[in-house]
Every structure is written in C-alpha cells, then in structure tokens.
$ cat protein_29.tsv   # TSV, C-alpha atoms
chain	number	residue	atom	x	y	z
A	1	MET	CA	11.89	-8.02	5.03
A	2	THR	CA	13.54	-5.21	6.93
A	3	GLY	CA	11.95	-5.84	10.32
A	4	GLY	CA	9.47	-7.68	12.46
A	5	ALA	CA	8.95	-11.42	12.72
A	6	LEU	CA	10.12	-11.98	9.13
A	7	GLY	CA	13.10	-9.62	9.24
A	8	GLY	CA	15.93	-10.76	6.98
A	9	ARG	CA	13.72	-12.89	4.71
A	10	THR	CA	13.78	-12.07	1.00
A	11	LEU	CA	10.97	-11.84	-1.53
A	12	VAL	CA	10.85	-13.15	-5.07
A	13	ALA	CA	10.06	-10.75	-7.90
A	14	PRO	CA	9.12	-11.45	-11.50
A	15	PRO	CA	11.93	-11.06	-14.02
A	16	GLY	CA	12.18	-7.87	-16.04
A	17	ARG	CA	11.08	-4.34	-15.31
A	18	SER	CA	7.31	-4.80	-15.24
A	19	VAL	CA	7.28	-4.70	-11.42
A	20	ARG	CA	9.12	-2.06	-9.39
A	21	PRO	CA	9.32	-3.48	-5.84
A	22	THR	CA	9.74	-0.92	-3.08
A	23	THR	CA	13.41	-1.04	-2.10
A	24	ASP	CA	14.53	-2.18	1.34
A	25	ARG	CA	15.82	1.34	2.05
A	26	VAL	CA	12.46	2.95	1.28
A	27	ARG	CA	10.47	0.25	3.16
A	28	GLU	CA	12.67	0.66	6.20
A	29	ALA	CA	12.20	4.45	6.12
A	30	VAL	CA	8.43	4.14	5.62
A	31	PHE	CA	8.00	1.81	8.58
A	32	ALA	CA	10.28	3.89	10.78
A	33	ARG	CA	7.91	6.83	10.16
A	34	LEU	CA	4.81	4.68	10.67
A	35	GLY	CA	5.92	3.33	14.03
A	36	ASP	CA	3.96	0.47	15.58
A	37	VAL	CA	1.52	-1.11	13.12
A	38	SER	CA	0.49	-3.94	15.46
A	39	GLY	CA	-3.19	-4.78	15.30
A	40	THR	CA	-3.88	-2.85	12.08
A	41	ARG	CA	-5.79	-4.05	9.05
A	42	ALA	CA	-3.79	-3.19	5.93
A	43	LEU	CA	-4.64	-2.81	2.25
A	44	ASP	CA	-1.92	-2.99	-0.41
A	45	LEU	CA	-3.11	-1.46	-3.70
A	46	TYR	CA	-1.05	-2.33	-6.80
A	47	ALA	CA	0.70	-4.83	-4.55
A	48	GLY	CA	3.28	-6.15	-6.99
A	49	THR	CA	5.43	-8.58	-4.99
A	50	GLY	CA	3.55	-7.60	-1.83
A	51	ALA	CA	6.61	-6.00	-0.23
A	52	LEU	CA	4.72	-3.26	1.66
A	53	GLY	CA	1.81	-5.37	2.85
A	54	ILE	CA	4.07	-8.26	3.81
A	55	GLU	CA	6.30	-5.86	5.74
A	56	ALA	CA	3.19	-4.68	7.62
A	57	LEU	CA	2.26	-8.30	8.42
A	58	SER	CA	5.83	-8.98	9.55
A	59	ARG	CA	5.56	-6.01	11.91
A	60	GLY	CA	2.27	-7.05	13.50
A	61	ALA	CA	-0.62	-6.10	11.20
A	62	VAL	CA	-3.40	-8.64	11.80
A	63	ALA	CA	-4.47	-8.89	8.16
A	64	CYS	CA	-3.75	-7.50	4.71
A	65	VAL	CA	-5.70	-7.47	1.46
A	66	PHE	CA	-3.45	-7.38	-1.60
A	67	ILE	CA	-4.84	-6.08	-4.90
A	68	GLU	CA	-2.84	-6.88	-8.04
A	69	ARG	CA	-3.82	-7.74	-11.63
A	70	ALA	CA	-0.56	-8.37	-13.49
A	71	ARG	CA	-0.01	-12.11	-13.86
A	72	PRO	CA	3.78	-12.15	-13.27
A	73	ALA	CA	3.39	-10.01	-10.14
A	74	LEU	CA	0.48	-12.15	-8.91
A	75	SER	CA	2.55	-15.27	-9.23
A	76	ALA	CA	5.41	-13.72	-7.23
A	77	LEU	CA	3.00	-12.30	-4.63
A	78	ARG	CA	1.28	-15.65	-4.06
A	79	ARG	CA	4.62	-17.43	-3.86
A	80	ASN	CA	5.92	-14.88	-1.31
A	81	LEU	CA	2.83	-15.28	0.89
A	82	GLU	CA	3.04	-19.07	0.72
A	83	THR	CA	6.79	-19.22	1.38
A	84	LEU	CA	6.46	-16.90	4.38
A	85	GLY	CA	3.43	-18.74	5.79
A	86	LEU	CA	1.14	-15.72	5.67
A	87	GLY	CA	-1.86	-17.29	3.93
A	88	ASP	CA	-4.08	-17.13	7.01
A	89	ARG	CA	-3.59	-13.35	7.37
A	90	ALA	CA	-3.57	-12.40	3.69
A	91	ARG	CA	-6.12	-12.24	0.91
A	92	VAL	CA	-5.16	-11.66	-2.73
A	93	VAL	CA	-7.63	-10.07	-5.13
A	94	SER	CA	-6.82	-10.13	-8.84
A	95	ARG	CA	-9.02	-7.37	-10.14
A	96	GLU	CA	-9.03	-3.67	-11.06
A	97	VAL	CA	-8.39	-1.49	-8.00
A	98	GLY	CA	-11.39	0.86	-8.29
A	99	ALA	CA	-13.95	-1.95	-8.61
A	100	THR	CA	-12.31	-3.96	-5.83
A	101	VAL	CA	-12.24	-0.99	-3.47
A	102	SER	CA	-15.95	-0.39	-4.13
A	103	ASP	CA	-16.69	-4.06	-3.37
A	104	LEU	CA	-14.68	-3.86	-0.13
A	105	GLY	CA	-16.73	-0.84	0.91
A	106	ARG	CA	-20.04	-2.56	0.13
A	107	ALA	CA	-18.86	-5.54	2.20
A	108	GLY	CA	-18.22	-3.23	5.16
A	109	GLU	CA	-14.46	-3.77	5.24
A	110	ARG	CA	-12.39	-1.01	6.84
A	111	PHE	CA	-8.64	-0.43	6.92
A	112	ASP	CA	-6.24	1.38	9.25
A	113	LEU	CA	-3.26	1.32	6.90
A	114	VAL	CA	-3.26	1.62	3.10
A	115	PHE	CA	-0.35	1.42	0.67
A	116	VAL	CA	-0.76	2.95	-2.79
A	117	ASP	CA	2.08	2.23	-5.22
A	118	PRO	CA	0.72	2.23	-8.79
A	119	PRO	CA	2.77	2.51	-11.96
A	120	TYR	CA	4.31	5.98	-11.94
A	121	ASP	CA	2.85	8.94	-13.84
A	122	THR	CA	-0.47	7.25	-14.69
A	123	GLY	CA	-2.80	9.16	-12.36
A	124	GLU	CA	-3.78	5.86	-10.72
A	125	ASP	CA	-2.65	7.14	-7.33
A	126	GLU	CA	-5.24	9.93	-7.36
A	127	ARG	CA	-8.00	7.72	-8.84
A	128	SER	CA	-7.46	4.95	-6.30
A	129	LEU	CA	-7.39	7.38	-3.36
A	130	ARG	CA	-10.65	8.99	-4.49
A	131	ALA	CA	-12.18	5.51	-4.92
A	132	ALA	CA	-11.08	4.48	-1.41
A	133	LEU	CA	-12.60	7.61	0.11
A	134	ALA	CA	-15.84	7.23	-1.87
A	135	ALA	CA	-16.10	3.57	-0.81
A	136	GLY	CA	-15.73	4.48	2.87
A	137	ILE	CA	-13.05	1.84	3.53
A	138	LEU	CA	-10.75	4.07	5.61
A	139	VAL	CA	-11.25	4.31	9.34
A	140	GLU	CA	-10.99	7.81	10.81
A	141	GLY	CA	-7.28	8.47	11.31
A	142	ALA	CA	-6.23	5.76	8.83
A	143	VAL	CA	-2.71	6.18	7.50
A	144	VAL	CA	-2.26	6.16	3.73
A	145	VAL	CA	1.22	5.77	2.25
A	146	VAL	CA	1.55	6.87	-1.38
A	147	GLU	CA	4.63	6.10	-3.46
A	148	ARG	CA	4.96	8.17	-6.64
A	149	SER	CA	7.43	9.70	-9.07
A	150	ARG	CA	8.91	13.06	-8.09
A	151	ARG	CA	7.75	14.32	-11.50
A	152	HIS	CA	4.06	13.73	-10.68
A	153	ALA	CA	2.57	15.79	-7.86
A	154	LEU	CA	-0.53	14.45	-6.16
A	155	PRO	CA	-3.32	17.07	-6.11
A	156	ALA	CA	-5.23	17.96	-2.95
A	157	ILE	CA	-7.81	15.32	-2.07
A	158	ALA	CA	-10.56	16.17	0.40
A	159	GLY	CA	-10.40	13.80	3.37
A	160	LEU	CA	-6.63	13.25	3.27
A	161	VAL	CA	-4.08	15.41	5.07
A	162	LEU	CA	-0.41	15.21	4.16
A	163	ARG	CA	1.62	14.46	7.30
A	164	ASP	CA	5.05	14.24	5.72
A	165	GLU	CA	6.80	13.54	2.47
A	166	ARG	CA	10.29	12.21	1.71
A	167	ARG	CA	12.24	11.83	-1.52
A	168	TYR	CA	14.40	8.82	-2.37
A	169	GLY	CA	15.96	9.41	-5.80
A	170	ASP	CA	13.07	9.54	-8.28
A	171	THR	CA	10.62	8.22	-5.68
A	172	VAL	CA	8.56	10.38	-3.34
A	173	VAL	CA	6.74	8.76	-0.43
A	174	GLY	CA	3.93	10.71	1.18
A	175	ARG	CA	2.23	9.77	4.44
A	176	TYR	CA	-1.38	10.95	4.70
A	177	ALA	CA	-3.99	10.74	7.41
A	178	HIS	CA	-7.69	10.26	6.74
A	179	GLU	CA	-9.55	13.12	8.33
A	180	GLY	CA	-13.05	13.73	7.03
A	181	GLY	CA	-13.51	16.94	5.07
A	182	GLN	CA	-9.91	18.22	5.12
A	183	ALA	CA	-7.72	18.32	2.01
A	184	ALA	CA	-4.25	17.08	1.30
A	185	ARG	CA	-1.53	19.38	0.08
A	186	GLY	CA	-0.16	18.27	-3.27
A	187	GLY	CA	3.58	18.34	-3.66
$ encode --input "protein_29.tsv" --output "structure tokens"
Amino acid sequence: MTGGALGGRTLVAPPGRSVRPTTDRVREAVFARLGDVSGTRALDLYAGTGALGIEALSRGAVACVFIERARPALSALRRNLETLGLGDRARVVSREVGATVSDLGRAGERFDLVFVDPPYDTGEDERSLRAALAAGILVEGAVVVVERSRRHALPAIAGLVLRDERRYGDTVVGRYAHEGGQAARGG
C-alpha cells in the first residue's frame, strides 16, 4: 500500500499475466488526486488483487465491495484481505459485474467512490459504467476512477463528468464525477 494505515504493506498477485495490478506509482497518483476518502463507501469493479479498494480502505474508506470473477485473482484478493485484517470492512462478490451492480442497486446500496479497471480494450469500462448508472448505485457527486488503455477512448456517458485525466505509459486514468443528466467527455 502506498499510504494510510496499511502504508508499506505489499499485496500478493497471481502468477502470470492474467491480472494487471495497478502499479504503486499509479495508485499513489490516483489517491493524491482523490484527496481524503475517509468515511466513503467504495466499490472496486474488476478488482483483481484488490489494490485500489484496499488502498481506499487503508486511507479511511469505511467499507468496500470487491467484484471479481477470475479464480486466480479471487484467491489473491481474499488472501490480501485476510492478511491485512480487512474482512470486517470488505465484501467479495464472485459474479459478473453487470448482474452484481444491478443486485446492489435493488438492495439499495450506494457508493461514494467507484474504481473501474477491466481488461483493456474490451468495452467493459463503458458497459459497467452504464450498468452502475442504470442501477442507481452512485450517490450524487460520487467519484468514479476509470483505468483504461490509451488506445481505447471512453465515449461520453450521460451522468458522468470528466474531472481530469492522466496518462501513465499505456494506461490512462480518468476521474469522473456523478452528476445527473450531464455527459462525460471521451478522450
């Protein structure tokens, strides 16, 4: 972890290239731009090792829901949460993102902070954002952080406004705000 109560602790990742954990450099930059996340409820879509959601918990988020389906990543995610003692503030859901987001909305769950880091160039970023908006799980003013390939621009999505965007090699990280009825600028 790059900061907070768990700063300096390391995460395990599954072997191979099936999971692309967000690098320390990118996580540090993301959280520097986010500022204080104390008291937020976070959602980590395509969680992988859980690096983003765990960083949020380390920095004061009260809870995080992690959604991940890949077995090797799930094993690493669960191990990371257990090793770091975060089980009481974390919930892991092993299911498809769209269906899970719909279920969260039906259950009345709402989030202040959402991380979206799907496999690059699949269109899952756009689909999951549209699903989250349709499910009504974002509080007004929620911050949504999207990690994507620089080769895949995210189209405008009504309800999300791009606040800033930074490039780190092949990775682009956009920070959006949920504002009903306004559209994001793709880029």
$ residues_around --input "protein_29.tsv" --residues "region 30-32 of chain A" --least-positions-apart "3" --cutoff "10 Å" --atoms "only C-alpha atoms" --output "list in words"
Thr2, Gly3, Asp24, Arg25, Val26, Arg27, Gly35, Asp36, Val37, Leu52, Glu55, Ala56, Arg59, Val145, Arg166, Val173, Gly174 and Arg175 of chain A
$ closest_residue --input "protein_29.tsv" --among "A:Ala13, A:Arg78, A:Leu138, A:Ser94" --to "Gly108 (chain A)" --atoms "only C-alpha atoms"
A:Leu138
$ atom_distance --input "protein_29.tsv" --atom1 "CA of Cys64 (chain A)" --atom2 "CA of Arg163 (chain A)"
22.8 Å
$ closest_residue --input "protein_29.tsv" --among "A:Leu86, A:Leu154, A:Ala73, A:Val161" --to "Glu126 (chain A)" --atoms "only C-alpha atoms"
A:Leu154
$ atom_distance --input "protein_29.tsv" --atom1 "CA of Glu147 (chain A)" --atom2 "CA of Gly105 (chain A)"
22.9 Å
$ atom_distance --input "protein_29.tsv" --atom1 "CA of Ala90 (chain A)" --atom2 "CA of Leu77 (chain A)"
10.6 Å
$ residues_around --input "protein_29.tsv" --residues "Asp103 (chain A)" --least-positions-apart "5" --cutoff "12 Å" --atoms "all atoms listed in the file" --output "list in words"
Val93, Arg95, Glu96, Val97, Gly98, Gly108, Glu109, Arg110, Ala131, Ala132, Ala134, Ala135, Gly136 and Ile137 of chain A
$ residues_around --input "protein_29.tsv" --residues "Gly48 (chain A)" --least-positions-apart "5" --cutoff "9 Å" --atoms "all atoms listed in the file" --output "compact mmCIF listing (two decimals) with C-alpha atoms, keeping the file's coordinate frame"
# COMPACT_ATOMS: atom_id res chain seq x y z
CA ALA A 13 10.06 -10.75 -7.90
CA VAL A 19 7.28 -4.70 -11.42
CA ARG A 20 9.12 -2.06 -9.39
CA PRO A 21 9.32 -3.48 -5.84
CA PHE A 66 -3.45 -7.38 -1.60
CA ILE A 67 -4.84 -6.08 -4.90
CA GLU A 68 -2.84 -6.88 -8.04
CA ARG A 69 -3.82 -7.74 -11.63
CA ALA A 70 -0.56 -8.37 -13.49
CA PRO A 72 3.78 -12.15 -13.27
CA ALA A 73 3.39 -10.01 -10.14
CA LEU A 74 0.48 -12.15 -8.91
CA ALA A 76 5.41 -13.72 -7.23
CA LEU A 77 3.00 -12.30 -4.63
CA ASP A 117 2.08 2.23 -5.22
CA PRO A 118 0.72 2.23 -8.79
$ residues_around --input "protein_29.tsv" --residues "Tyr176 (chain A)" --least-positions-apart "3" --cutoff "9 Å" --atoms "all atoms listed in the file" --output "mmCIF file with C-alpha atoms, keeping the file's coordinate frame"
data_model
loop_
_atom_site.group_PDB
_atom_site.id
_atom_site.type_symbol
_atom_site.label_atom_id
_atom_site.label_comp_id
_atom_site.auth_asym_id
_atom_site.auth_seq_id
_atom_site.Cartn_x
_atom_site.Cartn_y
_atom_site.Cartn_z
ATOM 1 C CA ALA A 142 -6.230 5.760 8.830
ATOM 2 C CA VAL A 143 -2.710 6.180 7.500
ATOM 3 C CA VAL A 144 -2.260 6.160 3.730
ATOM 4 C CA VAL A 145 1.220 5.770 2.250
ATOM 5 C CA VAL A 146 1.550 6.870 -1.380
ATOM 6 C CA LEU A 160 -6.630 13.250 3.270
ATOM 7 C CA VAL A 161 -4.080 15.410 5.070
ATOM 8 C CA LEU A 162 -0.410 15.210 4.160
ATOM 9 C CA ARG A 163 1.620 14.460 7.300
ATOM 10 C CA ASP A 164 5.050 14.240 5.720
ATOM 11 C CA GLU A 165 6.800 13.540 2.470
ATOM 12 C CA ALA A 184 -4.250 17.080 1.300
#
$ closest_residue --input "protein_29.tsv" --among "A:Ala63, A:Ile157, A:Leu84, A:Ala177" --to "Ser38 (chain A)" --atoms "all atoms listed in the file"
A:Ala63
$ residues_around --input "protein_29.tsv" --residues "Asp44 (chain A)" --least-positions-apart "6" --cutoff "6 Å" --atoms "all atoms listed in the file" --output "ChimeraX atom specification"
/A:53,66,114-115
$ closest_residue --input "protein_29.tsv" --among "A:Gly87, A:Pro155, A:Gly39, A:Gly50" --to "Val12 (chain A)" --atoms "all atoms listed in the file"
A:Gly50
$ decode --input "protein_29.tsv" --residues "region 40-140 of chain A" --atoms "C-alpha atoms" --output "short mmCIF file (atom, residue, chain, number, x, y, z; two decimals), in the first residue's frame"
data_model
loop_
_atom_site.label_atom_id
_atom_site.label_comp_id
_atom_site.auth_asym_id
_atom_site.auth_seq_id
_atom_site.Cartn_x
_atom_site.Cartn_y
_atom_site.Cartn_z
CA THR A 40 -16.60 6.77 1.93
CA ARG A 41 -18.21 3.56 0.75
CA ALA A 42 -16.15 2.16 -2.14
CA LEU A 43 -16.84 -0.29 -4.96
CA ASP A 44 -13.98 -1.99 -6.80
CA LEU A 45 -15.16 -3.42 -10.15
CA TYR A 46 -12.86 -5.98 -11.78
CA ALA A 47 -10.96 -5.91 -8.50
CA GLY A 48 -8.11 -8.26 -9.38
CA THR A 49 -5.82 -8.27 -6.33
CA GLY A 50 -7.96 -5.56 -4.74
CA ALA A 51 -5.19 -2.96 -4.90
CA LEU A 52 -7.47 0.06 -5.44
CA GLY A 53 -10.19 -0.89 -2.98
CA ILE A 54 -7.67 -1.95 -0.35
CA GLU A 55 -5.83 1.36 -0.81
CA ALA A 56 -9.15 3.15 -0.19
CA LEU A 57 -9.71 1.11 2.99
CA SER A 58 -6.15 1.86 4.11
CA ARG A 59 -6.88 5.56 3.66
CA GLY A 60 -10.11 5.59 5.65
CA ALA A 61 -12.96 4.28 3.49
CA VAL A 62 -15.47 2.62 5.83
CA ALA A 63 -16.30 -0.27 3.51
CA CYS A 64 -15.57 -1.68 0.08
CA VAL A 65 -17.33 -4.20 -2.13
CA PHE A 66 -14.94 -6.05 -4.44
CA ILE A 67 -16.29 -7.67 -7.62
CA GLU A 68 -14.05 -10.23 -9.33
CA ARG A 69 -14.74 -13.49 -11.19
CA ALA A 70 -11.33 -14.87 -12.19
CA ARG A 71 -10.36 -17.66 -9.80
CA PRO A 72 -6.62 -16.83 -9.52
CA ALA A 73 -7.41 -13.17 -8.84
CA LEU A 74 -10.13 -14.11 -6.33
CA SER A 75 -7.70 -16.26 -4.41
CA ALA A 76 -5.15 -13.42 -4.25
CA LEU A 77 -7.84 -10.87 -3.33
CA ARG A 78 -9.20 -12.98 -0.47
CA ARG A 79 -5.69 -13.68 0.79
CA ASN A 80 -4.83 -9.96 0.71
CA LEU A 81 -7.96 -9.02 2.66
CA GLU A 82 -7.32 -11.74 5.24
CA THR A 83 -3.61 -10.94 5.65
CA LEU A 84 -4.37 -7.24 6.10
CA GLY A 85 -7.24 -7.86 8.53
CA LEU A 86 -9.85 -6.12 6.40
CA GLY A 87 -12.55 -8.80 6.43
CA ASP A 88 -14.94 -6.75 8.57
CA ARG A 89 -14.90 -3.82 6.10
CA ALA A 90 -14.78 -5.78 2.84
CA ARG A 91 -17.18 -7.95 0.89
CA VAL A 92 -16.10 -10.02 -2.11
CA VAL A 93 -18.61 -10.92 -4.82
CA SER A 94 -17.59 -13.51 -7.40
CA ARG A 95 -20.02 -12.78 -10.19
CA GLU A 96 -20.40 -10.88 -13.47
CA VAL A 97 -20.16 -7.10 -12.91
CA GLY A 98 -23.39 -6.04 -14.65
CA ALA A 99 -25.60 -8.51 -12.77
CA THR A 100 -23.90 -7.73 -9.46
CA VAL A 101 -24.28 -3.98 -9.93
CA SER A 102 -28.00 -4.48 -10.65
CA ASP A 103 -28.36 -6.56 -7.48
CA LEU A 104 -26.56 -3.87 -5.44
CA GLY A 105 -28.99 -1.28 -6.77
CA ARG A 106 -32.04 -3.42 -5.95
CA ALA A 107 -30.64 -3.87 -2.43
CA GLY A 108 -30.43 -0.08 -2.03
CA GLU A 109 -26.64 0.04 -1.75
CA ARG A 110 -24.97 3.32 -2.69
CA PHE A 111 -21.32 4.22 -3.21
CA ASP A 112 -19.27 7.41 -2.97
CA LEU A 113 -16.18 6.04 -4.70
CA VAL A 114 -16.02 3.54 -7.58
CA PHE A 115 -12.98 2.01 -9.26
CA VAL A 116 -13.37 0.56 -12.76
CA ASP A 117 -10.34 -1.33 -14.06
CA PRO A 118 -11.50 -4.03 -16.50
CA PRO A 119 -9.33 -5.87 -19.01
CA TYR A 120 -8.19 -3.27 -21.53
CA ASP A 121 -9.87 -2.74 -24.91
CA THR A 122 -12.93 -4.90 -24.16
CA GLY A 123 -15.58 -2.20 -23.79
CA GLU A 124 -16.27 -3.43 -20.25
CA ASP A 125 -15.47 0.01 -18.84
CA GLU A 126 -18.35 1.61 -20.73
CA ARG A 127 -20.76 -1.28 -20.07
CA SER A 128 -20.05 -1.33 -16.34
CA LEU A 129 -20.42 2.45 -16.02
CA ARG A 130 -23.76 2.38 -17.82
CA ALA A 131 -24.87 -0.51 -15.58
CA ALA A 132 -23.85 1.41 -12.43
CA LEU A 133 -25.80 4.47 -13.54
CA ALA A 134 -28.86 2.42 -14.51
CA ALA A 135 -28.77 0.62 -11.15
CA GLY A 136 -28.69 3.91 -9.23
CA ILE A 137 -25.78 2.86 -7.01
CA LEU A 138 -23.86 6.16 -7.24
CA VAL A 139 -24.58 8.92 -4.78
CA GLU A 140 -24.78 12.42 -6.26
#
